[in-house]
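Okay, structure.pdb now, which holds PDB, C-alpha atoms and all ligand atoms:
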MODEL        1
ATOM      1  CA  MET R   1      18.082  19.111 -32.587
ATOM      2  CA  ILE R   2      21.411  20.329 -31.195
ATOM      3  CA  GLU R   3      22.766  17.613 -28.871
ATOM      4  CA  LEU R   4      24.132  18.906 -25.588
ATOM      5  CA  ASN R   5      25.342  17.469 -22.311
ATOM      6  CA  LEU R   6      22.464  18.134 -19.923
ATOM      7  CA  ASP R   7      24.713  17.541 -16.930
ATOM      8  CA  ASP R   8      26.442  20.864 -17.736
ATOM      9  CA  TYR R   9      23.125  22.639 -17.096
ATOM     10  CA  ILE R  10      22.140  21.001 -13.791
ATOM     11  CA  ARG R  11      23.350  22.791 -10.682
ATOM     12  CA  LYS R  12      24.327  20.463  -7.836
ATOM     13  CA  VAL R  13      23.786  21.984  -4.409
ATOM     14  CA  PRO R  14      25.078  19.953  -1.461
ATOM     15  CA  ASP R  15      23.198  19.936   1.852
ATOM     16  CA  PHE R  16      19.988  21.468   0.465
ATOM     17  CA  PRO R  17      17.269  21.584   1.729
ATOM     18  CA  LYS R  18      18.984  19.769   4.590
ATOM     19  CA  LYS R  19      22.321  18.209   5.454
ATOM     20  CA  GLY R  20      23.182  15.093   3.474
ATOM     21  CA  ILE R  21      20.923  15.833   0.469
ATOM     22  CA  LEU R  22      22.516  16.666  -2.863
ATOM     23  CA  PHE R  23      19.959  18.873  -4.589
ATOM     24  CA  TYR R  24      19.811  18.691  -8.402
ATOM     25  CA  ASP R  25      18.588  22.127  -9.446
ATOM     26  CA  ILE R  26      16.974  22.554 -12.858
ATOM     27  CA  THR R  27      16.622  26.352 -12.745
ATOM     28  CA  SER R  28      19.960  26.443 -14.588
ATOM     29  CA  ILE R  29      18.264  24.562 -17.468
ATOM     30  CA  LEU R  30      15.505  27.182 -17.536
ATOM     31  CA  ALA R  31      18.129  29.939 -17.622
ATOM     32  CA  SER R  32      19.585  28.475 -20.833
ATOM     33  CA  PRO R  33      17.270  28.613 -23.883
ATOM     34  CA  PRO R  34      19.293  25.898 -25.734
ATOM     35  CA  ALA R  35      19.118  23.547 -22.720
ATOM     36  CA  PHE R  36      15.396  24.197 -22.159
ATOM     37  CA  ARG R  37      14.696  23.744 -25.869
ATOM     38  CA  TYR R  38      16.735  20.508 -25.812
ATOM     39  CA  CYS R  39      14.556  19.107 -22.992
ATOM     40  CA  ILE R  40      11.263  20.002 -24.671
ATOM     41  CA  GLU R  41      12.416  18.710 -28.064
ATOM     42  CA  LYS R  42      13.618  15.446 -26.483
ATOM     43  CA  MET R  43      10.272  14.977 -24.718
ATOM     44  CA  THR R  44       8.451  15.671 -27.969
ATOM     45  CA  GLU R  45      10.650  13.239 -29.905
ATOM     46  CA  ILE R  46      10.084  10.488 -27.310
ATOM     47  CA  TYR R  47       6.291  10.877 -27.117
ATOM     48  CA  LYS R  48       5.141  12.281 -30.457
ATOM     49  CA  ASP R  49       4.345   8.853 -31.933
ATOM     50  CA  LYS R  50       2.998   7.353 -28.705
ATOM     51  CA  LYS R  51      -0.664   7.845 -28.060
ATOM     52  CA  ILE R  52      -0.558  10.520 -25.349
ATOM     53  CA  ASP R  53      -3.773  12.549 -24.919
ATOM     54  CA  ALA R  54      -2.647  14.902 -22.137
ATOM     55  CA  VAL R  55       0.305  15.663 -19.868
ATOM     56  CA  ALA R  56       0.035  16.050 -16.087
ATOM     57  CA  ALA R  57       2.723  17.585 -13.889
ATOM     58  CA  ILE R  58       3.566  18.142 -10.258
ATOM     59  CA  GLU R  59       3.805  21.607  -8.695
ATOM     60  CA  ALA R  60       5.908  23.624  -9.257
ATOM     61  CA  ARG R  61       9.032  22.860 -11.297
ATOM     62  CA  GLY R  62       7.243  20.073 -13.152
ATOM     63  CA  PHE R  63       4.790  22.645 -14.563
ATOM     64  CA  LEU R  64       7.498  24.492 -16.461
ATOM     65  CA  PHE R  65       8.500  21.541 -18.615
ATOM     66  CA  ALA R  66       5.003  20.080 -18.984
ATOM     67  CA  ALA R  67       3.484  23.386 -20.126
ATOM     68  CA  ALA R  68       6.052  23.864 -22.895
ATOM     69  CA  PHE R  69       5.707  20.220 -23.933
ATOM     70  CA  ALA R  70       1.887  20.470 -23.999
ATOM     71  CA  PHE R  71       2.102  23.577 -26.168
ATOM     72  CA  ASN R  72       4.461  21.782 -28.575
ATOM     73  CA  MET R  73       2.235  18.684 -28.699
ATOM     74  CA  ASP R  74      -1.058  20.610 -28.784
ATOM     75  CA  ILE R  75      -2.452  18.605 -25.867
ATOM     76  CA  PRO R  76      -3.959  19.634 -22.505
ATOM     77  CA  VAL R  77      -1.763  20.144 -19.432
ATOM     78  CA  ILE R  78      -3.174  19.052 -16.071
ATOM     79  CA  PRO R  79      -1.666  20.693 -12.957
ATOM     80  CA  ILE R  80      -1.329  18.568  -9.828
ATOM     81  CA  ARG R  81      -1.034  20.894  -6.850
ATOM     82  CA  LYS R  82      -0.294  20.872  -3.159
ATOM     83  CA  LYS R  83      -3.405  20.684  -0.963
ATOM     84  CA  GLY R  84      -5.528  23.822  -0.752
ATOM     85  CA  LYS R  85      -4.518  25.609  -3.969
ATOM     86  CA  LEU R  86      -7.223  24.448  -6.374
ATOM     87  CA  PRO R  87     -10.631  26.161  -6.065
ATOM     88  CA  GLY R  88     -12.846  23.519  -7.719
ATOM     89  CA  VAL R  89     -13.913  19.988  -6.770
ATOM     90  CA  THR R  90     -10.758  17.902  -6.392
ATOM     91  CA  LEU R  91      -9.444  14.380  -6.078
ATOM     92  CA  ALA R  92      -6.796  14.265  -3.351
ATOM     93  CA  ARG R  93      -4.225  11.829  -1.988
ATOM     94  CA  LYS R  94      -2.056  11.885   1.134
ATOM     95  CA  TYR R  95       1.345  10.204   0.920
ATOM     96  CA  ALA R  96       4.398   9.757   3.092
ATOM     97  CA  LEU R  97       7.546  11.808   2.638
ATOM     98  CA  GLU R  98      10.755  10.885   4.445
ATOM     99  CA  TYR R  99       9.760  12.549   7.727
ATOM    100  CA  ALA R 100       6.249  13.895   7.115
ATOM    101  CA  MET R 101       3.003  13.511   5.208
ATOM    102  CA  ALA R 102       2.131  15.468   2.062
ATOM    103  CA  GLU R 103      -1.099  15.837   0.122
ATOM    104  CA  ILE R 104      -1.675  16.583  -3.555
ATOM    105  CA  GLU R 105      -4.816  17.395  -5.492
ATOM    106  CA  VAL R 106      -6.120  17.663  -9.039
ATOM    107  CA  HIS R 107      -9.300  19.245 -10.344
ATOM    108  CA  LYS R 108     -11.679  16.352 -10.952
ATOM    109  CA  ALA R 109     -13.130  18.084 -14.042
ATOM    110  CA  ASP R 110      -9.647  18.366 -15.603
ATOM    111  CA  VAL R 111      -9.031  14.594 -15.578
ATOM    112  CA  PRO R 112     -10.141  13.239 -18.968
ATOM    113  CA  ARG R 113     -11.944   9.905 -18.478
ATOM    114  CA  GLY R 114     -10.570   7.064 -20.584
ATOM    115  CA  LYS R 115      -7.645   9.157 -21.878
ATOM    116  CA  ARG R 116      -3.920   8.390 -21.695
ATOM    117  CA  ILE R 117      -1.983  10.837 -19.531
ATOM    118  CA  LEU R 118       1.809  11.217 -19.482
ATOM    119  CA  LEU R 119       2.639  11.966 -15.831
ATOM    120  CA  THR R 120       5.751  14.115 -15.357
ATOM    121  CA  ASP R 121       7.936  15.891 -12.825
ATOM    122  CA  ASP R 122      11.275  17.686 -13.024
ATOM    123  CA  LEU R 123      13.022  15.031 -10.936
ATOM    124  CA  ILE R 124      12.043  11.540  -9.803
ATOM    125  CA  ALA R 125      13.560  10.542  -6.468
ATOM    126  CA  THR R 126      11.629   7.906  -4.489
ATOM    127  CA  GLY R 127       8.685   8.070  -6.903
ATOM    128  CA  GLY R 128       6.284   8.621  -3.988
ATOM    129  CA  THR R 129       4.872  11.846  -5.395
ATOM    130  CA  LEU R 130       4.258  10.416  -8.864
ATOM    131  CA  ASN R 131       2.726   7.287  -7.365
ATOM    132  CA  ALA R 132       0.223   9.388  -5.390
ATOM    133  CA  ALA R 133      -0.451  11.513  -8.482
ATOM    134  CA  ARG R 134      -1.108   8.405 -10.545
ATOM    135  CA  SER R 135      -3.681   7.195  -8.037
ATOM    136  CA  ILE R 136      -5.770  10.390  -8.288
ATOM    137  CA  LEU R 137      -5.643  10.376 -12.093
ATOM    138  CA  VAL R 138      -6.698   6.730 -12.177
ATOM    139  CA  GLU R 139      -9.437   7.465  -9.620
ATOM    140  CA  GLY R 140     -10.636  10.156 -12.029
ATOM    141  CA  GLY R 141     -10.956   7.533 -14.773
ATOM    142  CA  ALA R 142      -7.785   8.237 -16.786
ATOM    143  CA  GLU R 143      -4.911   5.920 -17.717
ATOM    144  CA  VAL R 144      -1.270   6.650 -16.876
ATOM    145  CA  PRO R 145       0.756   4.615 -19.411
ATOM    146  CA  GLU R 146       4.086   6.456 -18.930
ATOM    147  CA  PHE R 147       6.077   8.481 -16.407
ATOM    148  CA  PHE R 148       8.682  11.069 -17.377
ATOM    149  CA  GLY R 149      11.280  13.079 -15.448
ATOM    150  CA  ILE R 150      14.062  15.329 -16.686
ATOM    151  CA  VAL R 151      16.283  13.897 -13.915
ATOM    152  CA  GLY R 152      16.126  10.440 -12.310
ATOM    153  CA  LEU R 153      17.734   9.179  -9.115
ATOM    154  CA  PRO R 154      17.432   5.405  -9.732
ATOM    155  CA  PHE R 155      19.359   4.503  -6.577
ATOM    156  CA  LEU R 156      16.243   5.622  -4.647
ATOM    157  CA  ASN R 157      14.348   2.756  -6.311
ATOM    158  CA  TYR R 158      11.532   4.739  -7.911
ATOM    159  CA  LYS R 159      11.005   1.968 -10.483
ATOM    160  CA  LYS R 160       9.769  -0.384  -7.781
ATOM    161  CA  ILE R 161       6.922   1.865  -6.594
ATOM    162  CA  LEU R 162       6.029   3.001 -10.134
ATOM    163  CA  ASP R 163       6.042  -0.529 -11.565
ATOM    164  CA  PRO R 164       4.858  -1.787 -14.051
ATOM    165  CA  THR R 165       4.528   1.583 -15.793
ATOM    166  CA  PRO R 166       7.609   2.589 -17.827
ATOM    167  CA  VAL R 167       9.685   5.522 -16.567
ATOM    168  CA  THR R 168      11.782   7.650 -18.929
ATOM    169  CA  THR R 169      14.356  10.237 -17.814
ATOM    170  CA  LEU R 170      16.794  12.396 -19.779
ATOM    171  CA  ILE R 171      19.635  12.050 -17.266
ATOM    172  CA  ASP R 172      20.268   9.848 -14.216
ATOM    173  CA  TYR R 173      22.488  10.379 -11.188
ATOM    174  CA  TYR R 174      23.783   7.635  -8.964
ATOM    175  CA  SER R 175      24.774   9.313  -5.709
ATOM    176  CA  GLU R 176      23.174  11.364  -2.975
TER     177      GLU R 176
HETATM  178  P1  LIG R 201       9.871  11.795  -4.772
HETATM  179  O1  LIG R 201       8.421  11.825  -4.404
HETATM  180  O2  LIG R 201      10.743  11.237  -3.696
HETATM  181  O3  LIG R 201      10.129  11.158  -6.124
HETATM  182  O4  LIG R 201      10.336  13.305  -4.848
HETATM  183  C1  LIG R 201      10.107  14.007  -5.941
HETATM  184  C2  LIG R 201      10.006  15.480  -5.681
HETATM  185  O5  LIG R 201      10.970  15.998  -4.760
HETATM  186  C3  LIG R 201      10.254  16.153  -6.991
HETATM  187  O6  LIG R 201       9.240  17.127  -7.180
HETATM  188  C4  LIG R 201      11.615  16.758  -6.893
HETATM  189  O7  LIG R 201      11.595  18.035  -7.472
HETATM  190  C5  LIG R 201      11.938  16.818  -5.406
HETATM  191  N1  LIG R 201      13.267  16.244  -5.070
HETATM  192  C6  LIG R 201      13.493  15.124  -4.340
HETATM  193  N2  LIG R 201      14.814  14.871  -4.194
HETATM  194  C7  LIG R 201      15.460  15.852  -4.859
HETATM  195  C8  LIG R 201      16.846  16.139  -5.120
HETATM  196  N3  LIG R 201      17.854  15.386  -4.634
HETATM  197  N4  LIG R 201      17.122  17.228  -5.888
HETATM  198  C9  LIG R 201      16.116  18.008  -6.381
HETATM  199  N5  LIG R 201      14.810  17.781  -6.167
HETATM  200  C10 LIG R 201      14.461  16.730  -5.425
ENDMDL
END
Please rewrite the model in this file as structure tokens.
Amino acid sequence: MIELNLDDYIRKVPDFPKKGILFYDITSILASPPAFRYCIEKMTEIYKDKKIDAVAAIEARGFLFAAAFAFNMDIPVIPIRKKGKLPGVTLARKYALEYAMAEIEVHKADVPRGKRILLTDDLIATGGTLNAARSILVEGGAEVPEFFGIVGLPFLNYKKILDPTPVTTLIDYYSE
């Protein structure tokens, strides 16, 4: 694997989507085949010898990494979507965002009972989304032994809400 500095491929956009937020944009990783390949190869290296039966990801940027990883690992990919997008029978969870409520869903039939699911997103901020996603996967009878994000913002304390499950990220940032 060619080592590269992932920071060079993450666009930082101040005051997006609102004033005071520094947005870490991963579309610049997707625009660079070596950077995208680096992320997928790193994920594969980290998890290839761990017993992971499937990967789940959060709409929409999380899908891009999880789908490539699933293809590489030859495992199923389970999409977790915003409310109202999935046509089948779903498991759903409401959770609090900073100023509003959100709701995510997964197809009940896609959650493999008794299997170990790696739960991923592009970026982990407060961990609220992944925590809600974990609860619907567990409700569906699966285990979530690991969380993964390309980017982590540990100063937002995601480890506390995701505890005791280990969280792995490829790069962390320490300011808003
Ligand atoms: P959270 O539930 O707080 O961990 O938020 C995670 C979701 O919000 C992820 O899907 C991220 O893509 C997005 N997100 C939150 N904060 C940022 C940020 N500073 N830059 C980019 N994406 C963010």
Shortest contact to ligand LIG 201 (chain R), candidates R:Phe36, R:Tyr24, R:Phe65, R:Phe155, atoms counted all atoms listed in the file, goes to R:Tyr24
Ligand LIG 201 (chain R) neighbours within 8 Å using all atoms listed in the file, as a list in words =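 So, counting all atoms listed in the file, the residues near ligand LIG 201 (chain R) are Ile21, Leu22, Phe23, Tyr24, Asp25, Ile26, Ile58, Glu59, Ala60, Arg61, Gly62, Leu97, Asp121, Asp122, Leu123, Ile124, Ala125, Thr126, Gly127, Gly128, Thr129, Leu130, Asn131, Leu153, Leu156, Tyr158 and Glu176 of chain R.
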Å distance separating CA of Ile150 (chain R) from CA of Ala54 (chain R), one decimal place: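 Computing the Euclidean distance for CA of Ile150 (chain R) and CA of Ala54 (chain R) yields 17.6 Å.
One distance worth recording is that between CA of Gly141 (chain R) and CA of Gly114 (chain R), which is 5.8 Å.
With only C-alpha atoms as the atoms that count, the residue of R:Asp172, R:Glu3, R:Asp53, R:Glu105 with the shortest distance to Ser135 (chain R) is R:Glu105.
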* Asked: Hey, which of R:Lys83, R:Lys48, R:Lys160, R:Arg113 ends up closest to Glu139 (chain R)? Count only C-alpha atoms.
  ->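 Closest residue, counting only C-alpha atoms: R:Arg113.
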Using all atoms listed in the file, the shortest atom-to-atom distance to Leu162 (chain R) among R:Leu137, R:Val144, R:Ala68, R:Val13 belongs to R:Val144
Requested in this report: Name the residues that the PyMOL selection byres (((chain R and resi 108-111) around 10) and not hetatm) picks from the file above, as a PyMOL selection string, using the file's chain letters and numbers.
Outcome: chain R and resi 54+56+76-79+88-92+105-107+112-115+117+136-143
